[in-house]
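Peer 1: Please find one structure pasted underneath; my questions will follow.
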Amino acid sequence: EGALFVAEVEGRRIRKIAPDGTITTIWRAADPNNQYIRILDVAVDSCGIVYFSSHNEHCVYRMEPDPTFIPAMGCANPLTPCEYLAPTVFAGQCGQEADAQAVDYDGSLATDAKLSFPGGLAIANDGSVFFSEGTSTGNGDNNAHDAVKFHRIWKVGTDGRLARIAGTDHCGCDTTNDPSACFGAQSGDPLDENTRALAREVNLCTPEGLDIADDGTLYFLSTIPGRIFKIDGTGFITHVNAVEADGTSLILDHPRGIKVSPSGRLFIGDRKNNRIIAVDANGAAVALAGTGDSGKGEEGNAALQTQLNGPVGTALAPDGSIYISDTENNRILKLQSPRTGFKLGSVSVMSPSGDMEYVFDPTGRHESTIDVATQNTIHTFLYSPMDGMLSQIQTRLPGPITAFRNTHITRSANQIDITGHYGQTTTLVLNPQGYIRDMIHPGSLITSFGYSFEIPEANTDDVQGLEGLLVL
């Protein structure tokens with residue numbers, strides 16, 4: 001629905017901001033001055049159930065919507081909790097930290113476990129809840145992890161039982177602050193960017209921000225080494241290699257928040273570098289907001305010319321906008337989508353002359369063609385929900401009056417019919433290999449096509465890494 005949920009660490013409360021800007025408090029600590037209470041993350045499932053991690057209490061809470069709440073009446077006071085029932089413990093034993101001796105809680109009820117500083121949260125499509133254990137205090141001290149006993153990632157299934165997804169009983173943090181030693185397999189070997197290992201056998205250090213892609217891949221950040229990792233559906237962990245435009249490896253400094261778009265693009269709060277970073281599925285990294293220097297930039301400026309101060313969380317809106325928690329400035333900023341209708345994951349390509357913009361969806365299908373000068377959509381391409389094939393082209397006619405012509409595409413086993421706005425039809429007849437055999441024009445003029453294939457001789461003596469040839 002576009003509502004934004006906010007965890008206030010120092011305010012010790014959770015706020016909800018409706019799409020119209022109305023803000024309400026859905027939870028607040030009984031003693032707002034109790035510095036022991038630190039809420040580090042909040043997540044909401046498809047049923048509206050809210051989960052939040054209480055860092056120093058060593059537990060995760062769950063809140064259900066209040067069935068007696070009447071949205072039309074709203075909340076009487078924006079500072080008084082309403083709309084949700086009182087929270088219940090979801091994981092951990094609040095107020096009791098994990099013992100020094102590790103306990104294997106695999107298969108145990110989540111509420112029977114004793115945890116050590118939970119932090120990041122993520123919810124899978126099946127309703128399972130993932131959380132990180134061993135989150136740093138967030139004060140920027142590289143030795144802040146010393147008080148943390150265990151560094152792990154857990155999954156709470158829909159049956160309420162725990163499964164260890166990543167991490168061991170051993171700490172992967174290196175107190176000499178050598179980033180290369182902050183992660184390692186149980187043998188002590190560092191998990192570098194070329195290593196693939198079972199996540200349950202890797203020593204983690206301060207795992208924090210979590211998010212889950214549509215395909216089930218779990219992404220998380222390691223705050224102190226400043227790295228991005230992913231765990232695939234088979235339970236293997238790998239380092240996410242990210243490269244900036246100048247060809248250098250992306251260097252993060254205490255990253256804390258991560259979100260994954262439907263196209264697989266990662267959005268990261270690079271806290272100590274005061275930037276918001278995007279990493280595409282192919283590893284290309286680019287700064288979206290922030291100058292790199294801490295400060296409080298003016299709203300309304302270009303995102304890359306706006307100073308941020310310790311940005312942490314990001315959230316992705318349905319319209320393609322990105323919300324940023326500018327943490328040390330105590331504000332939430334909205335990075336507006338470059339234009340209306342541009343969705344997260346869409347790819348925009350300019351024509352050589354720069355007068356036309358071609359927009360493609362995450363799967364590579366052409367969505368629209370836009371006139372850059374007028375921002376009018378000249379062509380819109382629609383696809384069949386049955387087979388994903390092109391089914392209609394909508395073309396805007398030139399002139400001050402908005403008018404369109406439509407072209408429809410229908411398919412059968414061996415032909416494609418393209419019907420124009422005034423009913424004229426061109427038929428493409430396909431051969432058994434799927435190539436065009438005949439083109440039947442309006443008026444019955446027929447153009448026939450023939451094909452020949454020849455693989456040229458090639459001297460491959462000096463060719464290395466040859467994987468395939470395509471002859472057109």
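Here's how to read the names in the structure tokens: chain A, B, ... by the order shown, residue numbers from 1 in each chain, ligand numbers from 1 in the order shown.
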Considering only C-alpha atoms, return as an MDAnalysis selection string whatever protein or nucleic-acid residues lie within 8 Å of Asp106 in chain A, sequence-local ones (same chain, fewer than 5 positions apart) excluded.
Peer 2: chainID A and resid 161:164
Peer 1: Now that the selection is made, can you save its residues with all heavy atoms as a PDB file, in the first residue's frame?
Peer 2:
```pdb
ATOM      1  N   ARG A 161      10.141 -22.511  14.609  1.00  0.00           N
ATOM      2  CA  ARG A 161      11.395 -23.142  14.999  1.00  0.00           C
ATOM      3  C   ARG A 161      12.580 -22.562  14.227  1.00  0.00           C
ATOM      4  O   ARG A 161      12.442 -22.107  13.096  1.00  0.00           O
ATOM      5  CB  ARG A 161      11.314 -24.658  14.796  1.00  0.00           C
ATOM      6  CG  ARG A 161      10.276 -25.308  15.712  1.00  0.00           C
ATOM      7  CD  ARG A 161      10.307 -26.817  15.678  1.00  0.00           C
ATOM      8  NE  ARG A 161       9.334 -27.370  16.635  1.00  0.00           N
ATOM      9  CZ  ARG A 161       9.582 -27.574  17.913  1.00  0.00           C
ATOM     10  NH1 ARG A 161      10.791 -27.288  18.398  1.00  0.00           N
ATOM     11  NH2 ARG A 161       8.647 -28.059  18.718  1.00  0.00           N
ATOM     12  N   LEU A 162      13.733 -22.604  14.881  1.00  0.00           N
ATOM     13  CA  LEU A 162      14.950 -22.004  14.349  1.00  0.00           C
ATOM     14  C   LEU A 162      15.698 -22.956  13.423  1.00  0.00           C
ATOM     15  O   LEU A 162      15.706 -24.168  13.622  1.00  0.00           O
ATOM     16  CB  LEU A 162      15.888 -21.605  15.485  1.00  0.00           C
ATOM     17  CG  LEU A 162      15.533 -20.362  16.298  1.00  0.00           C
ATOM     18  CD1 LEU A 162      16.431 -20.262  17.513  1.00  0.00           C
ATOM     19  CD2 LEU A 162      15.685 -19.112  15.430  1.00  0.00           C
ATOM     20  N   ALA A 163      16.346 -22.358  12.429  1.00  0.00           N
ATOM     21  CA  ALA A 163      17.309 -23.069  11.586  1.00  0.00           C
ATOM     22  C   ALA A 163      18.487 -22.120  11.367  1.00  0.00           C
ATOM     23  O   ALA A 163      18.291 -20.970  10.982  1.00  0.00           O
ATOM     24  CB  ALA A 163      16.690 -23.467  10.257  1.00  0.00           C
ATOM     25  N   ARG A 164      19.690 -22.601  11.644  1.00  0.00           N
ATOM     26  CA  ARG A 164      20.875 -21.758  11.448  1.00  0.00           C
ATOM     27  C   ARG A 164      21.213 -21.729   9.963  1.00  0.00           C
ATOM     28  O   ARG A 164      21.482 -22.751   9.348  1.00  0.00           O
ATOM     29  CB  ARG A 164      22.043 -22.286  12.274  1.00  0.00           C
ATOM     30  CG  ARG A 164      23.332 -21.483  12.117  1.00  0.00           C
ATOM     31  CD  ARG A 164      24.354 -21.838  13.203  1.00  0.00           C
ATOM     32  NE  ARG A 164      24.584 -23.272  13.278  1.00  0.00           N
ATOM     33  CZ  ARG A 164      25.477 -23.928  12.543  1.00  0.00           C
ATOM     34  NH1 ARG A 164      26.221 -23.267  11.671  1.00  0.00           N
ATOM     35  NH2 ARG A 164      25.631 -25.236  12.676  1.00  0.00           N
TER      36      ARG A 164
END
```
Peer 1: Near range 383-394 of chain A, within 12 Å and counting only C-alpha atoms, which residues show up once chain neighbours fewer than 6 positions away are dropped, as a count of residues only?
Peer 2: 24
Peer 1: Do you know which residues are at most 9 Å from Leu266 in chain A counting only C-alpha atoms, after dropping those on the same chain fewer than 6 positions away, and could you put them as a PDB file with N, CA and C atoms, in the first residue's frame?
Peer 2:
```
ATOM      1  N   TYR A 219      20.738 -11.811   0.831  1.00  0.00           N
ATOM      2  CA  TYR A 219      21.863 -10.879   0.814  1.00  0.00           C
ATOM      3  C   TYR A 219      22.044 -10.299   2.218  1.00  0.00           C
ATOM      4  N   ILE A 258      20.451  -2.817   3.590  1.00  0.00           N
ATOM      5  CA  ILE A 258      20.461  -3.307   2.215  1.00  0.00           C
ATOM      6  C   ILE A 258      19.048  -3.688   1.799  1.00  0.00           C
ATOM      7  N   LYS A 259      18.690  -3.377   0.566  1.00  0.00           N
ATOM      8  CA  LYS A 259      17.416  -3.791  -0.015  1.00  0.00           C
ATOM      9  C   LYS A 259      17.672  -4.276  -1.429  1.00  0.00           C
ATOM     10  N   VAL A 260      16.860  -5.248  -1.871  1.00  0.00           N
ATOM     11  CA  VAL A 260      16.991  -5.832  -3.201  1.00  0.00           C
ATOM     12  C   VAL A 260      15.745  -5.507  -4.007  1.00  0.00           C
ATOM     13  N   ILE A 277      24.472   3.577  -2.147  1.00  0.00           N
ATOM     14  CA  ILE A 277      25.103   2.900  -3.274  1.00  0.00           C
ATOM     15  C   ILE A 277      24.117   1.914  -3.895  1.00  0.00           C
ATOM     16  N   ALA A 278      24.129   1.843  -5.221  1.00  0.00           N
ATOM     17  CA  ALA A 278      23.371   0.817  -5.935  1.00  0.00           C
ATOM     18  C   ALA A 278      24.356  -0.119  -6.617  1.00  0.00           C
ATOM     19  N   VAL A 279      24.081  -1.424  -6.527  1.00  0.00           N
ATOM     20  CA  VAL A 279      24.909  -2.426  -7.187  1.00  0.00           C
ATOM     21  C   VAL A 279      24.006  -3.266  -8.076  1.00  0.00           C
ATOM     22  N   ASP A 280      24.262  -3.234  -9.375  1.00  0.00           N
ATOM     23  CA  ASP A 280      23.457  -4.006 -10.308  1.00  0.00           C
ATOM     24  C   ASP A 280      23.779  -5.492 -10.209  1.00  0.00           C
ATOM     25  N   ALA A 281      22.936  -6.298 -10.855  1.00  0.00           N
ATOM     26  CA  ALA A 281      23.121  -7.744 -10.808  1.00  0.00           C
ATOM     27  C   ALA A 281      24.451  -8.174 -11.414  1.00  0.00           C
TER      28      ALA A 281
END
```
Peer 1: Which neighbours of range 321-329 of chain A fall inside 6 Å, counting only C-alpha atoms, when residues of the same chain fewer than 5 positions from it are skipped, and could you give them as a PyMOL selection string?
Peer 2: chain A and resi 309-316+334-337
Peer 1: Pick the closest to Ser128 in chain A from A:Ala284, A:Ile70, A:Ala302, A:Ala43: which is it, counting only C-alpha atoms?
Peer 2: A:Ala43
Peer 1: If you count only C-alpha atoms, which residues fall within 9 Å of range 431-435 of chain A, apart from same-chain ones fewer than 2 positions away, as a PyMOL selection string?
Peer 2: chain A and resi 414-415+429+437-438+449+451
Peer 1: Applying 8 Å and only C-alpha atoms, which residues near His254 in chain A remain after dropping the ones on its own chain fewer than 3 positions away? List them as a PyMOL selection string.
Peer 2: chain A and resi 140+222-226+270-272
Peer 1: Please produce a file of those selected residues containing all heavy atoms, as a short mmCIF file (atom, residue, chain, number, x, y, z; two decimals), in the first residue's frame.
Peer 2:
```
data_model
loop_
_atom_site.label_atom_id
_atom_site.label_comp_id
_atom_site.auth_asym_id
_atom_site.auth_seq_id
_atom_site.Cartn_x
_atom_site.Cartn_y
_atom_site.Cartn_z
N GLY A 140 30.52 2.94 15.22
CA GLY A 140 31.67 3.15 14.36
C GLY A 140 32.97 2.60 14.92
O GLY A 140 34.02 2.71 14.30
N SER A 222 28.32 -7.28 5.98
CA SER A 222 29.22 -7.41 7.11
C SER A 222 29.70 -6.00 7.43
O SER A 222 30.43 -5.39 6.64
CB SER A 222 30.39 -8.32 6.76
OG SER A 222 31.33 -8.33 7.81
N THR A 223 29.30 -5.48 8.57
CA THR A 223 29.50 -4.07 8.85
C THR A 223 30.97 -3.68 8.94
O THR A 223 31.40 -2.70 8.32
CB THR A 223 28.80 -3.70 10.18
OG1 THR A 223 27.44 -4.05 10.07
CG2 THR A 223 28.92 -2.22 10.45
N ILE A 224 31.75 -4.42 9.71
CA ILE A 224 33.11 -3.98 9.99
C ILE A 224 34.06 -4.26 8.82
O ILE A 224 34.79 -3.37 8.42
CB ILE A 224 33.60 -4.57 11.33
CG1 ILE A 224 32.80 -3.94 12.47
CG2 ILE A 224 35.09 -4.34 11.53
CD1 ILE A 224 33.04 -4.54 13.83
N PRO A 225 34.04 -5.43 8.18
CA PRO A 225 34.85 -5.54 6.98
C PRO A 225 34.31 -4.70 5.82
O PRO A 225 35.02 -4.40 4.88
CB PRO A 225 34.80 -7.03 6.64
CG PRO A 225 34.35 -7.70 7.87
CD PRO A 225 33.46 -6.71 8.55
N GLY A 226 33.01 -4.34 5.90
CA GLY A 226 32.42 -3.56 4.82
C GLY A 226 32.24 -4.36 3.55
O GLY A 226 32.66 -3.93 2.48
N ASP A 270 25.68 3.16 2.88
CA ASP A 270 27.12 3.15 3.16
C ASP A 270 27.38 4.19 4.24
O ASP A 270 27.76 5.33 3.96
CB ASP A 270 27.87 3.46 1.87
CG ASP A 270 29.36 3.23 1.97
OD1 ASP A 270 29.81 2.69 3.00
OD2 ASP A 270 30.08 3.59 1.02
N ARG A 271 27.22 3.79 5.49
CA ARG A 271 27.07 4.72 6.61
C ARG A 271 28.24 5.68 6.78
O ARG A 271 28.06 6.90 6.80
CB ARG A 271 26.84 3.93 7.90
CG ARG A 271 26.58 4.80 9.13
CD ARG A 271 26.13 3.95 10.30
NE ARG A 271 25.84 4.78 11.45
CZ ARG A 271 26.69 4.96 12.46
NH1 ARG A 271 27.85 4.36 12.44
NH2 ARG A 271 26.36 5.72 13.47
N LYS A 272 29.43 5.15 6.92
CA LYS A 272 30.58 6.02 7.20
C LYS A 272 31.08 6.78 5.97
O LYS A 272 31.78 7.78 6.09
CB LYS A 272 31.72 5.19 7.80
CG LYS A 272 31.47 4.74 9.24
CD LYS A 272 31.46 5.94 10.16
CE LYS A 272 31.28 5.53 11.60
NZ LYS A 272 31.31 6.68 12.53
#
```
Peer 1: Just how far from CA of Val240 in chain A is CA of Gly264 in chain A, in Å to one decimal?
Peer 2: 12.2 Å
Peer 1: Which residue out of A:Gly160, A:Ile276, A:Thr427, A:Ser452 has the minimum interatomic distance to Ile440 in chain A when only C-alpha atoms are used?
Peer 2: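 Using only C-alpha atoms, Ile440 in chain A sits closest to A:Thr427.
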